[in-house]
Amino acid sequence: MRKKALCAVLSVAMMASMFTACGSDDKSSTSTSTSASTSTSASTSTSTSTSASESSSTVAPDSSANDPAATTQQGTGGKVLNIYVWNNEFANRLQDHYPNYQANDPKDSIKGGKIGDVEVVFHQTDNQNNAYQNNLDDKLLAQKDAAADDKIDIFLVEADYANKYIDTDYAASLASVGISLSDLSNQYTYTQDAVTDANGVLKGASWQACPGVMFYNAAAAKEVFGTDDPAEVQKLVKDWDTFGGDTAKKLKDAGYYVVQSVMDTYRVYSNNATTPWLVDGKVNLDANIKKWADDSMKLVEAGYATTYSLWGEDWKKGFMPDGKVFSYFGPAWFINFSMGQDTEGSIANTGGWRATEGPQGFFWGGTWICAAEGTDNADEIKDIILKLTTDDTVMQEIVDKDQDFVNNQPLMEKIAPDYKGFDTLGGQNPLPMFVNSAKSIKLNTTYIDQTCTEQWQNCMKEYFDGNLSYDAAVDLFKKNVTERHPECTEFNF
């Protein structure tokens, strides 16, 4: 891979940890939180499910992440705040909600702006084909010797590969920029667990949480079942056997897919896994992820769903009425970024979707703000994180303007019962469902999650499409994981 050259310049400690992680007790949180996760800011062209031609192994887990040097106060007084992102979501949040921010171009947040006399510069690289991580890796490896105005100050990470950066010295502790755990006391605990390193050091914060629900086509529900009432529809999708049984058959008979693609349900199953991808140094297949493969094959064989890859043009057709799709699964960001709400004639644009809990509660993704070790803008980073992830007024604005589910448990529980409806959902208020879904979220993260998530879906697609037997698809999965993580050679399935 292209990244092998970069691996050669990593420290001896990092290289040692990289090639022993799968043979020892790896850092994987098995805590179960009664509170929520955070959201990935996926768009219709970028997501955590994009090609895994190069997965996360360049900046490898490092046992030195809690070294005193990593928790000392970061520098202050920098004149340029360099922020690395894959799309414009964080730039929009900063422009729309951070007090006293002066945008260079109100119509294009990526063009940056000013915070006092500090210039804010966004460095955007799309997620496609792992480009964002590749670019970030290069810059972080050069961070120590970079000129002050060129150093990374903030970088964003997603749930699937957060561990890759959190367990290294490249991500600074929040304590080193002046933020304490007490400052973040209203955040969902799960969002903190996701960015806490192997030594218990918190290294990121998110403004959002992403518990998920099932979105369904109200017109299709009325046509096929005689009602679009969420409580009644929930009875039809209360568990996977019901969802993929009589409900799916009735929809097929009426010309609808029960879900656009079996890939749409993957996160629901995987986020209800009870074991992580690594257990006792071996790559592990949780029973619920295996169940996804089994249930998905049944849907495909019965003609109840397609195997379209997420974010592709065929997959998007279900957002239009003539796409004949009953449901999709997602968190709040899915509405904002993926359902074509600004496309004339789309189901979302005409308020034609509704929400119900679906077969299982789940979350999808997560986006965190991380301070880069060596930043000279600690004061600005501290204030940005505190304003966007802890300030009740600012977070209420984010909910109102962006229809985002924010990382403030007391606030969300307070406003959820009587909140105004979402236009895309025909005026329905989904916040109580999101709050309830948040309670079922479990965290089982490891540094190989992105690789395993992508490769399991990719290899199972070959099985669903009839190109490989199940056993051959599993063998391909194992081969691909080991190619991307040479230290991972043992599998317990």
# chains A, B, ... in the order shown; residues from 1 in each chain; ligands from 1

call {"tool": "residues_around", "arguments": {"residues": "range 398-412 of chain A", "least_positions_apart": "6", "cutoff": "7 Å", "atoms": "only C-alpha atoms", "output": "mmCIF file with C-alpha atoms, in the first residue's frame"}}
result
data_model
loop_
_atom_site.group_PDB
_atom_site.id
_atom_site.type_symbol
_atom_site.label_atom_id
_atom_site.label_comp_id
_atom_site.auth_asym_id
_atom_site.auth_seq_id
_atom_site.Cartn_x
_atom_site.Cartn_y
_atom_site.Cartn_z
ATOM 1 C CA ASN A 186 -23.870 16.941 30.400
ATOM 2 C CA GLN A 187 -22.517 15.040 27.418
ATOM 3 C CA TYR A 188 -23.598 11.510 26.658
ATOM 4 C CA SER A 206 -18.531 16.077 19.789
ATOM 5 C CA TRP A 207 -21.393 18.525 19.480
ATOM 6 C CA GLN A 208 -23.751 15.811 18.237
ATOM 7 C CA ALA A 209 -25.089 12.385 19.061
ATOM 8 C CA CYS A 210 -26.543 9.950 16.546
ATOM 9 C CA ALA A 332 -30.587 12.798 12.462
ATOM 10 C CA TRP A 333 -27.678 13.505 10.113
ATOM 11 C CA THR A 389 -20.393 20.861 22.807
ATOM 12 C CA THR A 390 -21.502 22.208 26.207
#

call {"tool": "select_by_dssp", "arguments": {"residues": "range 122-332 of chain A", "states": "strand (DSSP E or B)", "output": "ChimeraX atom specification"}}
result
/A:122-124,154-158,171,196,202,205,208,211-217,257,261,278-279,282-283,306,325,327-330

call {"tool": "write_last_selection", "arguments": {"atoms": "C-alpha atoms", "output": "PDB file, in the first residue's frame"}}
result
ATOM      1  CA  PHE A 122     -10.112  24.798   6.648  1.00  0.00           C
ATOM      2  CA  HIS A 123      -8.233  22.026   4.851  1.00  0.00           C
ATOM      3  CA  GLN A 124     -10.838  19.819   3.197  1.00  0.00           C
ATOM      4  CA  ILE A 154      -7.861  20.779  14.992  1.00  0.00           C
ATOM      5  CA  PHE A 155      -8.707  17.621  13.095  1.00  0.00           C
ATOM      6  CA  LEU A 156     -11.970  15.719  12.977  1.00  0.00           C
ATOM      7  CA  VAL A 157     -12.397  11.950  13.259  1.00  0.00           C
ATOM      8  CA  GLU A 158     -15.292   9.589  12.692  1.00  0.00           C
ATOM      9  CA  ALA A 171      -4.159  13.635  19.427  1.00  0.00           C
ATOM     10  CA  THR A 196     -10.839   7.984  25.475  1.00  0.00           C
ATOM     11  CA  LEU A 202     -10.030  11.935  26.937  1.00  0.00           C
ATOM     12  CA  ALA A 205     -15.480  15.971  22.029  1.00  0.00           C
ATOM     13  CA  GLN A 208     -23.751  15.811  18.237  1.00  0.00           C
ATOM     14  CA  PRO A 211     -29.059   7.456  17.868  1.00  0.00           C
ATOM     15  CA  GLY A 212     -30.992   6.061  14.934  1.00  0.00           C
ATOM     16  CA  VAL A 213     -34.536   5.206  13.918  1.00  0.00           C
ATOM     17  CA  MET A 214     -36.300   3.666  10.941  1.00  0.00           C
ATOM     18  CA  PHE A 215     -37.637   6.151   8.384  1.00  0.00           C
ATOM     19  CA  TYR A 216     -40.557   4.857   6.352  1.00  0.00           C
ATOM     20  CA  ASN A 217     -42.519   6.014   3.343  1.00  0.00           C
ATOM     21  CA  TYR A 257     -38.829  -3.111  -1.282  1.00  0.00           C
ATOM     22  CA  SER A 261     -30.604  -2.343   0.288  1.00  0.00           C
ATOM     23  CA  LEU A 278     -11.047  -7.982  18.499  1.00  0.00           C
ATOM     24  CA  VAL A 279     -11.312 -10.412  21.411  1.00  0.00           C
ATOM     25  CA  LYS A 282      -8.122 -12.513  17.645  1.00  0.00           C
ATOM     26  CA  VAL A 283     -10.444 -11.050  15.032  1.00  0.00           C
ATOM     27  CA  THR A 306     -31.439  -5.029  -3.232  1.00  0.00           C
ATOM     28  CA  VAL A 325     -38.801   1.822  -1.238  1.00  0.00           C
ATOM     29  CA  SER A 327     -37.700   2.223   4.578  1.00  0.00           C
ATOM     30  CA  TYR A 328     -34.203   3.435   5.352  1.00  0.00           C
ATOM     31  CA  PHE A 329     -32.376   3.486   8.685  1.00  0.00           C
ATOM     32  CA  GLY A 330     -30.419   6.408  10.076  1.00  0.00           C
TER      33      GLY A 330
END

call {"tool": "residues_around", "arguments": {"residues": "Tyr304 in chain A", "least_positions_apart": "5", "cutoff": "7 Å", "atoms": "only C-alpha atoms", "output": "NGL selection string"}}
result
:A and (248 or 252 or 257-258 or 299)

call {"tool": "write_last_selection", "arguments": {"atoms": "N, CA and C atoms", "output": "compact mmCIF listing (two decimals), in the first residue's frame"}}
result
# COMPACT_ATOMS: atom_id res chain seq x y z
N ALA A 248 -42.53 -7.64 4.88
CA ALA A 248 -41.77 -7.53 3.64
C ALA A 248 -42.53 -8.16 2.47
N LYS A 252 -43.64 -6.34 -0.98
CA LYS A 252 -43.22 -6.83 -2.28
C LYS A 252 -44.42 -7.05 -3.20
N TYR A 257 -39.85 -2.46 -2.09
CA TYR A 257 -38.83 -3.11 -1.28
C TYR A 257 -39.07 -2.74 0.18
N VAL A 258 -38.89 -3.67 1.10
CA VAL A 258 -39.06 -3.35 2.51
C VAL A 258 -37.97 -2.38 2.97
N LEU A 299 -33.55 -11.83 2.68
CA LEU A 299 -34.22 -10.70 2.03
C LEU A 299 -33.89 -10.65 0.55

call {"tool": "closest_residue", "arguments": {"among": "A:Leu468, A:Ala348, A:Ala355, A:Val268", "to": "Ala221 in chain A", "atoms": "only C-alpha atoms"}}
result
A:Ala355

call {"tool": "select_by_dssp", "arguments": {"residues": "range 205-332 of chain A", "states": "helix (DSSP H, G or I)", "output": "PyMOL selection string"}}
result
chain A and resi 218-225+230-236+240-253+262-270+287-302+313-319+321-323+332

call {"tool": "atom_distance", "arguments": {"atom1": "CA of Lys479 in chain A", "atom2": "CA of Glu454 in chain A"}}
result
13.4 Å

call {"tool": "closest_residue", "arguments": {"among": "A:Val80, A:Leu251, A:Ile152, A:Ile384", "to": "Ala302 in chain A", "atoms": "only C-alpha atoms"}}
result
A:Leu251

call {"tool": "residues_around", "arguments": {"residues": "range 238-245 of chain A", "least_positions_apart": "3", "cutoff": "7 Å", "atoms": "only C-alpha atoms", "output": "list in words"}}
result
Gln234, Lys235, Ala248, Lys249, Leu299, Gly358 and Pro359 of chain A

call {"tool": "write_last_selection", "arguments": {"atoms": "N, CA and C atoms", "output": "PDB file, in the first residue's frame"}}
result
ATOM      1  N   GLN A 234     -44.877   0.529  13.761  1.00  0.00           N
ATOM      2  CA  GLN A 234     -43.899  -0.128  14.624  1.00  0.00           C
ATOM      3  C   GLN A 234     -44.259  -1.580  14.875  1.00  0.00           C
ATOM      4  N   LYS A 235     -45.533  -1.871  14.994  1.00  0.00           N
ATOM      5  CA  LYS A 235     -45.959  -3.257  15.206  1.00  0.00           C
ATOM      6  C   LYS A 235     -45.570  -4.144  14.021  1.00  0.00           C
ATOM      7  N   ALA A 248     -42.535  -7.638   4.884  1.00  0.00           N
ATOM      8  CA  ALA A 248     -41.766  -7.531   3.637  1.00  0.00           C
ATOM      9  C   ALA A 248     -42.532  -8.159   2.468  1.00  0.00           C
ATOM     10  N   LYS A 249     -43.219  -9.267   2.723  1.00  0.00           N
ATOM     11  CA  LYS A 249     -43.966  -9.938   1.648  1.00  0.00           C
ATOM     12  C   LYS A 249     -45.106  -9.062   1.145  1.00  0.00           C
ATOM     13  N   LEU A 299     -33.547 -11.828   2.683  1.00  0.00           N
ATOM     14  CA  LEU A 299     -34.217 -10.699   2.030  1.00  0.00           C
ATOM     15  C   LEU A 299     -33.895 -10.649   0.546  1.00  0.00           C
ATOM     16  N   GLY A 358     -38.297   0.930  14.855  1.00  0.00           N
ATOM     17  CA  GLY A 358     -37.716  -0.147  14.077  1.00  0.00           C
ATOM     18  C   GLY A 358     -37.397  -1.363  14.930  1.00  0.00           C
ATOM     19  N   PRO A 359     -36.769  -2.400  14.344  1.00  0.00           N
ATOM     20  CA  PRO A 359     -36.524  -3.657  15.055  1.00  0.00           C
ATOM     21  C   PRO A 359     -35.592  -3.540  16.250  1.00  0.00           C
TER      22      PRO A 359
END

call {"tool": "residues_around", "arguments": {"residues": "Asp96 in chain A", "least_positions_apart": "4", "cutoff": "10 Å", "atoms": "only C-alpha atoms", "output": "MDAnalysis selection string"}}
result
chainID A and resid 90:92 101:103 106 109 394 397:398 401:402

call {"tool": "residues_around", "arguments": {"residues": "Asp197 in chain A", "least_positions_apart": "2", "cutoff": "6 Å", "atoms": "only C-alpha atoms", "output": "PyMOL selection string"}}
result
chain A and resi 166-167+199-201

call {"tool": "atom_distance", "arguments": {"atom1": "CA of Glu357 in chain A", "atom2": "CA of Ser296 in chain A"}}
result
19.5 Å

call {"tool": "closest_residue", "arguments": {"among": "A:Leu140, A:Ala218, A:Val120, A:Leu431", "to": "Lys414 in chain A", "atoms": "only C-alpha atoms"}}
result
A:Leu431

call {"tool": "atom_distance", "arguments": {"atom1": "CA of Ala220 in chain A", "atom2": "CA of Phe326 in chain A"}}
result
6.4 Å

call {"tool": "residues_around", "arguments": {"residues": "Gly351 in chain A", "least_positions_apart": "4", "cutoff": "12 Å", "atoms": "only C-alpha atoms", "output": "compact mmCIF listing (two decimals) with C-alpha atoms, in the first residue's frame"}}
result
# COMPACT_ATOMS: atom_id res chain seq x y z
CA PHE A 215 -37.64 6.15 8.38
CA TYR A 216 -40.56 4.86 6.35
CA ASN A 217 -42.52 6.01 3.34
CA ALA A 218 -45.86 7.28 4.70
CA ALA A 219 -47.67 6.94 1.37
CA PHE A 319 -35.64 8.79 -1.95
CA MET A 320 -38.03 9.48 -4.81
CA PRO A 321 -41.63 8.19 -4.92
CA ILE A 335 -32.10 13.32 7.13
CA MET A 339 -32.38 11.87 1.91
CA GLY A 340 -32.51 14.51 -0.81
CA GLN A 341 -34.56 16.94 1.24
CA ASP A 342 -33.66 19.81 -1.09
CA THR A 343 -34.47 17.85 -4.25
CA GLU A 344 -37.78 18.89 -5.75
CA GLY A 345 -40.25 16.03 -5.80
CA SER A 346 -38.34 13.86 -3.35
CA ILE A 347 -40.23 12.18 -0.53
CA ALA A 355 -40.09 7.75 11.82
CA GLY A 421 -41.93 18.59 14.09
CA PHE A 422 -39.47 18.05 11.25
CA ASP A 423 -40.67 19.21 7.83
CA THR A 424 -39.18 16.13 6.15
CA LEU A 425 -41.30 13.97 8.44
CA GLY A 426 -44.55 15.78 7.73
CA GLY A 427 -44.39 17.65 11.02
CA GLN A 428 -43.66 14.56 13.13

call {"tool": "closest_residue", "arguments": {"among": "A:Gln457, A:Thr168, A:Asn129, A:Ser176", "to": "Asn377 in chain A", "atoms": "only C-alpha atoms"}}
result
A:Ser176

call {"tool": "decode", "arguments": {"residues": "range 286-388 of chain A", "atoms": "C-alpha atoms", "output": "PDB file, in the first residue's frame"}}
result
ATOM      1  CA  ASP A 286     -20.152 -11.228  16.756  1.00  0.00           C
ATOM      2  CA  ALA A 287     -23.320 -13.320  16.509  1.00  0.00           C
ATOM      3  CA  ASN A 288     -25.418 -10.282  15.615  1.00  0.00           C
ATOM      4  CA  ILE A 289     -23.163  -9.393  12.683  1.00  0.00           C
ATOM      5  CA  LYS A 290     -23.382 -12.986  11.473  1.00  0.00           C
ATOM      6  CA  LYS A 291     -27.178 -12.708  11.855  1.00  0.00           C
ATOM      7  CA  TRP A 292     -27.114  -9.663   9.580  1.00  0.00           C
ATOM      8  CA  ALA A 293     -25.525 -11.770   6.853  1.00  0.00           C
ATOM      9  CA  ASP A 294     -28.057 -14.565   7.312  1.00  0.00           C
ATOM     10  CA  ASP A 295     -31.095 -12.275   7.454  1.00  0.00           C
ATOM     11  CA  SER A 296     -29.843 -10.206   4.535  1.00  0.00           C
ATOM     12  CA  MET A 297     -29.444 -13.250   2.308  1.00  0.00           C
ATOM     13  CA  LYS A 298     -33.064 -14.182   3.031  1.00  0.00           C
ATOM     14  CA  LEU A 299     -34.217 -10.699   2.030  1.00  0.00           C
ATOM     15  CA  VAL A 300     -32.201 -10.809  -1.173  1.00  0.00           C
ATOM     16  CA  GLU A 301     -33.355 -14.305  -2.142  1.00  0.00           C
ATOM     17  CA  ALA A 302     -36.996 -13.337  -1.563  1.00  0.00           C
ATOM     18  CA  GLY A 303     -36.635 -10.149  -3.614  1.00  0.00           C
ATOM     19  CA  TYR A 304     -37.452  -7.981  -0.597  1.00  0.00           C
ATOM     20  CA  ALA A 305     -34.305  -5.799  -0.881  1.00  0.00           C
ATOM     21  CA  THR A 306     -31.439  -5.029  -3.232  1.00  0.00           C
ATOM     22  CA  THR A 307     -27.698  -5.228  -2.590  1.00  0.00           C
ATOM     23  CA  TYR A 308     -26.928  -1.692  -3.763  1.00  0.00           C
ATOM     24  CA  SER A 309     -23.916  -0.072  -2.168  1.00  0.00           C
ATOM     25  CA  LEU A 310     -24.681   2.898   0.054  1.00  0.00           C
ATOM     26  CA  TRP A 311     -24.511   6.389  -1.469  1.00  0.00           C
ATOM     27  CA  GLY A 312     -24.614   5.166  -5.083  1.00  0.00           C
ATOM     28  CA  GLU A 313     -27.060   6.491  -7.662  1.00  0.00           C
ATOM     29  CA  ASP A 314     -29.169   3.309  -7.668  1.00  0.00           C
ATOM     30  CA  TRP A 315     -29.375   3.405  -3.873  1.00  0.00           C
ATOM     31  CA  LYS A 316     -30.544   7.031  -3.934  1.00  0.00           C
ATOM     32  CA  LYS A 317     -33.511   6.240  -6.155  1.00  0.00           C
ATOM     33  CA  GLY A 318     -35.505   5.184  -3.132  1.00  0.00           C
ATOM     34  CA  PHE A 319     -35.641   8.786  -1.955  1.00  0.00           C
ATOM     35  CA  MET A 320     -38.032   9.483  -4.815  1.00  0.00           C
ATOM     36  CA  PRO A 321     -41.631   8.187  -4.924  1.00  0.00           C
ATOM     37  CA  ASP A 322     -41.075   6.067  -8.014  1.00  0.00           C
ATOM     38  CA  GLY A 323     -38.139   4.334  -6.301  1.00  0.00           C
ATOM     39  CA  LYS A 324     -40.714   2.153  -4.509  1.00  0.00           C
ATOM     40  CA  VAL A 325     -38.801   1.822  -1.238  1.00  0.00           C
ATOM     41  CA  PHE A 326     -40.508   1.511   2.127  1.00  0.00           C
ATOM     42  CA  SER A 327     -37.700   2.223   4.578  1.00  0.00           C
ATOM     43  CA  TYR A 328     -34.203   3.435   5.352  1.00  0.00           C
ATOM     44  CA  PHE A 329     -32.376   3.486   8.685  1.00  0.00           C
ATOM     45  CA  GLY A 330     -30.419   6.408  10.076  1.00  0.00           C
ATOM     46  CA  PRO A 331     -29.821   9.092  12.711  1.00  0.00           C
ATOM     47  CA  ALA A 332     -30.587  12.798  12.462  1.00  0.00           C
ATOM     48  CA  TRP A 333     -27.678  13.505  10.113  1.00  0.00           C
ATOM     49  CA  PHE A 334     -29.135  10.999   7.648  1.00  0.00           C
ATOM     50  CA  ILE A 335     -32.099  13.323   7.131  1.00  0.00           C
ATOM     51  CA  ASN A 336     -29.869  16.349   6.652  1.00  0.00           C
ATOM     52  CA  PHE A 337     -27.269  14.866   4.348  1.00  0.00           C
ATOM     53  CA  SER A 338     -28.651  11.824   2.589  1.00  0.00           C
ATOM     54  CA  MET A 339     -32.384  11.866   1.908  1.00  0.00           C
ATOM     55  CA  GLY A 340     -32.506  14.510  -0.813  1.00  0.00           C
ATOM     56  CA  GLN A 341     -34.563  16.943   1.241  1.00  0.00           C
ATOM     57  CA  ASP A 342     -33.657  19.808  -1.093  1.00  0.00           C
ATOM     58  CA  THR A 343     -34.474  17.846  -4.253  1.00  0.00           C
ATOM     59  CA  GLU A 344     -37.778  18.890  -5.752  1.00  0.00           C
ATOM     60  CA  GLY A 345     -40.254  16.030  -5.805  1.00  0.00           C
ATOM     61  CA  SER A 346     -38.338  13.856  -3.353  1.00  0.00           C
ATOM     62  CA  ILE A 347     -40.228  12.175  -0.528  1.00  0.00           C
ATOM     63  CA  ALA A 348     -38.285  14.244   2.010  1.00  0.00           C
ATOM     64  CA  ASN A 349     -38.918  17.483   0.139  1.00  0.00           C
ATOM     65  CA  THR A 350     -42.662  16.910   0.311  1.00  0.00           C
ATOM     66  CA  GLY A 351     -42.627  15.766   3.944  1.00  0.00           C
ATOM     67  CA  GLY A 352     -43.413  12.174   3.043  1.00  0.00           C
ATOM     68  CA  TRP A 353     -41.235  10.251   5.485  1.00  0.00           C
ATOM     69  CA  ARG A 354     -42.182   9.212   9.009  1.00  0.00           C
ATOM     70  CA  ALA A 355     -40.086   7.747  11.816  1.00  0.00           C
ATOM     71  CA  THR A 356     -40.533   4.759  14.096  1.00  0.00           C
ATOM     72  CA  GLU A 357     -38.174   2.842  16.368  1.00  0.00           C
ATOM     73  CA  GLY A 358     -37.716  -0.147  14.077  1.00  0.00           C
ATOM     74  CA  PRO A 359     -36.524  -3.657  15.055  1.00  0.00           C
ATOM     75  CA  GLN A 360     -33.633  -2.476  17.267  1.00  0.00           C
ATOM     76  CA  GLY A 361     -32.271   0.760  18.647  1.00  0.00           C
ATOM     77  CA  PHE A 362     -28.894   1.727  17.219  1.00  0.00           C
ATOM     78  CA  PHE A 363     -26.477   4.519  16.407  1.00  0.00           C
ATOM     79  CA  TRP A 364     -24.500   5.292  13.302  1.00  0.00           C
ATOM     80  CA  GLY A 365     -21.154   6.972  13.157  1.00  0.00           C
ATOM     81  CA  GLY A 366     -19.714   9.865  15.088  1.00  0.00           C
ATOM     82  CA  THR A 367     -17.730  13.031  14.448  1.00  0.00           C
ATOM     83  CA  TRP A 368     -15.347  14.381  17.065  1.00  0.00           C
ATOM     84  CA  ILE A 369     -13.248  17.504  17.417  1.00  0.00           C
ATOM     85  CA  CYS A 370      -9.647  16.640  18.291  1.00  0.00           C
ATOM     86  CA  ALA A 371      -6.816  18.986  19.189  1.00  0.00           C
ATOM     87  CA  ALA A 372      -3.526  18.143  17.511  1.00  0.00           C
ATOM     88  CA  GLU A 373      -0.503  17.733  19.748  1.00  0.00           C
ATOM     89  CA  GLY A 374       1.737  20.772  19.227  1.00  0.00           C
ATOM     90  CA  THR A 375      -1.042  23.265  18.489  1.00  0.00           C
ATOM     91  CA  ASP A 376      -0.393  26.888  19.362  1.00  0.00           C
ATOM     92  CA  ASN A 377      -4.110  27.715  19.533  1.00  0.00           C
ATOM     93  CA  ALA A 378      -5.147  26.034  22.787  1.00  0.00           C
ATOM     94  CA  ASP A 379      -7.291  28.983  23.866  1.00  0.00           C
ATOM     95  CA  GLU A 380      -9.323  28.997  20.656  1.00  0.00           C
ATOM     96  CA  ILE A 381      -9.719  25.204  20.682  1.00  0.00           C
ATOM     97  CA  LYS A 382     -10.899  25.223  24.280  1.00  0.00           C
ATOM     98  CA  ASP A 383     -13.497  27.887  23.591  1.00  0.00           C
ATOM     99  CA  ILE A 384     -14.756  26.236  20.391  1.00  0.00           C
ATOM    100  CA  ILE A 385     -15.219  22.880  22.118  1.00  0.00           C
ATOM    101  CA  LEU A 386     -16.916  24.391  25.150  1.00  0.00           C
ATOM    102  CA  LYS A 387     -19.257  26.559  23.070  1.00  0.00           C
ATOM    103  CA  LEU A 388     -20.248  23.909  20.514  1.00  0.00           C
TER     104      LEU A 388
END
